[in-house]
Amino acid sequence: MHRNIRKILNFFYPNLCPRCSAFLLSEETVCESCAEQMLLSQNDYCHACGKVNCMCQYQKRFYDKAVIACHYDSDTAPAVLAMKKSRNTNFAYFSARILAERLRHGTYYEFQKTDYVIPVPMHLSKQKQRGYNQAGLIAKELALLLNLPYREDILYKINSGQEQHTLTSAAERAKNVESFGIHEISLDGRRILLCDDVLTTGSTMNRCAELLKSKGASFVTAAAASSTSPKYKEQEKSEQKESEEEQIS
Ligand SMILES: [Zn+2]
Ligand SMILES: [Zn+2]
C-alpha cells in the first residue's frame, strides 16, 4: 500500500495495541511490552495436551500434538476479548505469526506434511452476526504464512445457544462440545492443523479432533492462540467466590 494512503488510513482508523491501546505502526499487531507479557514460552507447556499443567493423564486425547502462542490470563484476556468483541483483530494476526514461527522451527511437528488448516467452527448465524469467526481468522492467517490449504467446509457447529467460555463446569463444557459435526468426507491419512483462539480444558479441540479422526485423519495438531494458565484458573475461582459472597451478603 502507498505510504501516504496508509498514513491517511491510520489517521481515520488508528492501529492500536489490542491490550493497552497504544498507537502502533501499520505493520505492527501488538506493542513490544504487551507481546512480552502475553507470550507463553515453548518450554512452559506440554506439547502433547497444550496445558501449562499437563492434563494428559486425566483425559483421552484425540489430537496428537499441541502448539500454543500465549497464555490466557488477565494479561492476555483484554487482547482476546478485543478480537471477539470490538473488532480489533490484531491478536489473531499476532498469535498466528507466533504459531507459524513455532511450527516452522519445531522439528517434530513436520508442518510441511500438513494437508489442511481447519478452524474450530462457529455457528453460521453467529458468524454472520459478528462478521467473522476468530478461530477462522487465526487459521486463515496461519495457512497463509505456512503456505498450506485452508478448509472451513469440513467441520461445522450446531447451535447449542451457549458459548463454551460461558459454561463454568467441566460437565457442561463436555456436553456442549457434542454440538460439533463433520460433513461426509474422506480424510484418509490426512494430517490436520486444527486452530482455536483459547484452549481451556481442551474438550473442544478434543471433540473436533475425534470427528476428524472418525473420517480417517491420521494426525491432528492442535494450534491455539492461547491456553488458560493455572494462574488464571485461581483468579477465576476467587472472582467467582467474591461474587458469590457478594450475593450472600
Ligand atoms: Zn500494548
Ligand atoms: Zn500434557
# chains A, B, ... in the order shown; residues from 1 in each chain; ligands from 1
>>> residues_near_ligand(ligand="ligand 2", cutoff="6 Å", atoms="only C-alpha atoms and all ligand atoms", output="VMD selection string")
chain A and resid 46 48 to 49 54 to 56
>>> write_last_selection(atoms="C-alpha atoms", output="CSV table (one decimal), in the first residue's frame")
chain,number,residue,atom,x,y,z
A,46,CYS,CA,3.0,-29.7,27.5
A,48,ALA,CA,1.0,-33.1,23.8
A,49,CYS,CA,-2.0,-31.5,25.5
A,54,CYS,CA,-0.2,-31.2,31.9
A,55,MET,CA,-3.6,-33.0,31.8
A,56,CYS,CA,-2.5,-35.9,29.7
>>> residues_near_ligand(ligand="ligand 1", cutoff="12 Å", atoms="only C-alpha atoms and all ligand atoms", output="PyMOL selection string")
chain A and resi 15-24+28-38+75-76+78-79+90-91+94
>>> write_last_selection(atoms="C-alpha atoms", output="mmCIF file, in the first residue's frame")
data_model
loop_
_atom_site.group_PDB
_atom_site.id
_atom_site.type_symbol
_atom_site.label_atom_id
_atom_site.label_comp_id
_atom_site.auth_asym_id
_atom_site.auth_seq_id
_atom_site.Cartn_x
_atom_site.Cartn_y
_atom_site.Cartn_z
ATOM 1 C CA ASN A 15 -3.803 0.830 14.533
ATOM 2 C CA LEU A 16 -3.969 0.183 18.282
ATOM 3 C CA CYS A 17 -2.435 -2.441 20.524
ATOM 4 C CA PRO A 18 -5.362 -4.761 21.440
ATOM 5 C CA ARG A 19 -4.167 -4.990 25.035
ATOM 6 C CA CYS A 20 -3.063 -1.477 26.073
ATOM 7 C CA SER A 21 -4.469 0.639 23.188
ATOM 8 C CA ALA A 22 -1.080 2.193 22.424
ATOM 9 C CA PHE A 23 -0.714 3.549 18.890
ATOM 10 C CA LEU A 24 1.147 1.134 16.626
ATOM 11 C CA GLU A 28 2.670 -3.933 13.998
ATOM 12 C CA THR A 29 -0.009 -6.046 15.700
ATOM 13 C CA VAL A 30 0.825 -5.751 19.409
ATOM 14 C CA CYS A 31 3.201 -3.390 21.239
ATOM 15 C CA GLU A 32 6.520 -4.791 22.370
ATOM 16 C CA SER A 33 5.837 -4.772 26.085
ATOM 17 C CA CYS A 34 2.405 -6.429 25.719
ATOM 18 C CA ALA A 35 3.889 -9.071 23.423
ATOM 19 C CA GLU A 36 6.434 -9.901 26.083
ATOM 20 C CA GLN A 37 3.761 -10.219 28.772
ATOM 21 C CA MET A 38 1.420 -12.376 26.702
ATOM 22 C CA ASP A 75 -2.574 -10.254 30.806
ATOM 23 C CA THR A 76 -3.972 -11.587 27.546
ATOM 24 C CA PRO A 78 -8.148 -7.893 27.032
ATOM 25 C CA ALA A 79 -6.488 -8.699 23.685
ATOM 26 C CA ASN A 90 -4.689 -7.763 15.889
ATOM 27 C CA PHE A 91 -4.402 -10.579 18.412
ATOM 28 C CA PHE A 94 -0.073 -11.643 16.295
#
>>> atom_distance(atom1="CA of Arg191 in chain A", atom2="CA of Thr114 in chain A")
4.9 Å
>>> residues_around(residues="Ser95 in chain A", least_positions_apart="4", cutoff="12 Å", atoms="only C-alpha atoms", output="PyMOL selection string")
chain A and resi 29-30+35+38-40+67-72+76+79-80+83+89-91+99-102+134-135+137-142+145+195-198+223-227
>>> atom_distance(atom1="CA of Asn88 in chain A", atom2="CA of Tyr132 in chain A")
11.9 Å
>>> atom_distance(atom1="CA of Gly106 in chain A", atom2="CA of Ile154 in chain A")
26.7 Å
>>> select_by_dssp(residues="range 104-164 of chain A", states="strand (DSSP E)", output="ChimeraX atom specification")
/A:116-119,155-157
>>> select_by_dssp(residues="range 35-126 of chain A", states="alpha helix (DSSP H)", output="PyMOL selection string")
chain A and resi 35-38+77-81+90-105+124-126
>>> write_last_selection(atoms="C-alpha atoms", output="CSV table (one decimal), in the first residue's frame")
chain,number,residue,atom,x,y,z
A,35,ALA,CA,3.9,-9.1,23.4
A,36,GLU,CA,6.4,-9.9,26.1
A,37,GLN,CA,3.8,-10.2,28.8
A,38,MET,CA,1.4,-12.4,26.7
A,77,ALA,CA,-7.7,-11.5,28.2
A,78,PRO,CA,-8.1,-7.9,27.0
A,79,ALA,CA,-6.5,-8.7,23.7
A,80,VAL,CA,-8.5,-11.9,23.2
A,81,LEU,CA,-11.8,-10.1,24.1
A,90,ASN,CA,-4.7,-7.8,15.9
A,91,PHE,CA,-4.4,-10.6,18.4
A,92,ALA,CA,-5.4,-13.1,15.7
A,93,TYR,CA,-2.5,-11.9,13.5
A,94,PHE,CA,-0.1,-11.6,16.3
A,95,SER,CA,-0.7,-15.2,17.6
A,96,ALA,CA,-0.8,-16.7,14.0
A,97,ARG,CA,2.7,-15.3,13.5
A,98,ILE,CA,3.9,-16.8,16.7
A,99,LEU,CA,2.3,-20.2,15.9
A,100,ALA,CA,3.8,-20.2,12.4
A,101,GLU,CA,7.2,-19.5,13.8
A,102,ARG,CA,6.9,-22.3,16.3
A,103,LEU,CA,5.7,-24.7,13.7
A,104,ARG,CA,8.5,-23.8,11.3
A,105,HIS,CA,11.2,-24.3,13.9
A,124,LEU,CA,-23.1,-19.7,10.9
A,125,SER,CA,-25.7,-17.3,12.3
A,126,LYS,CA,-23.3,-16.2,14.9
>>> closest_residue(among="A:Val117, A:Glu152, A:Ser86, A:Ala222", to="Glu210 in chain A", atoms="only C-alpha atoms")
A:Ala222
>>> residues_around(residues="Lys213 in chain A", least_positions_apart="5", cutoff="8 Å", atoms="only C-alpha atoms", output="VMD selection string")
chain A and resid 62 187 218 to 219
>>> residues_around(residues="Lys157 in chain A", least_positions_apart="5", cutoff="7 Å", atoms="only C-alpha atoms", output="tab-separated table (two decimals) with N, CA and C atoms, in the first residue's frame")
chain	number	residue	atom	x	y	z
A	121	PRO	N	-15.05	-24.58	14.28
A	121	PRO	CA	-16.13	-23.80	13.66
A	121	PRO	C	-17.00	-23.04	14.65
A	122	MET	N	-17.64	-22.03	14.11
A	122	MET	CA	-18.60	-21.24	14.88
A	122	MET	C	-19.94	-21.38	14.15
A	123	HIS	N	-21.06	-21.30	14.87
A	123	HIS	CA	-22.34	-21.43	14.19
A	123	HIS	C	-22.51	-20.31	13.18
A	179	SER	N	-21.96	-30.62	20.34
A	179	SER	CA	-22.66	-29.90	19.29
A	179	SER	C	-21.79	-29.58	18.06
A	180	PHE	N	-20.69	-30.29	17.88
A	180	PHE	CA	-19.92	-30.15	16.64
A	180	PHE	C	-20.27	-31.29	15.70
A	181	GLY	N	-20.18	-31.02	14.40
A	181	GLY	CA	-20.45	-32.06	13.42
A	181	GLY	C	-19.42	-32.05	12.30
>>> closest_residue(among="A:Ser41, A:Tyr13, A:Gly50, A:Ile158", to="Ser203 in chain A", atoms="only C-alpha atoms")
A:Gly50
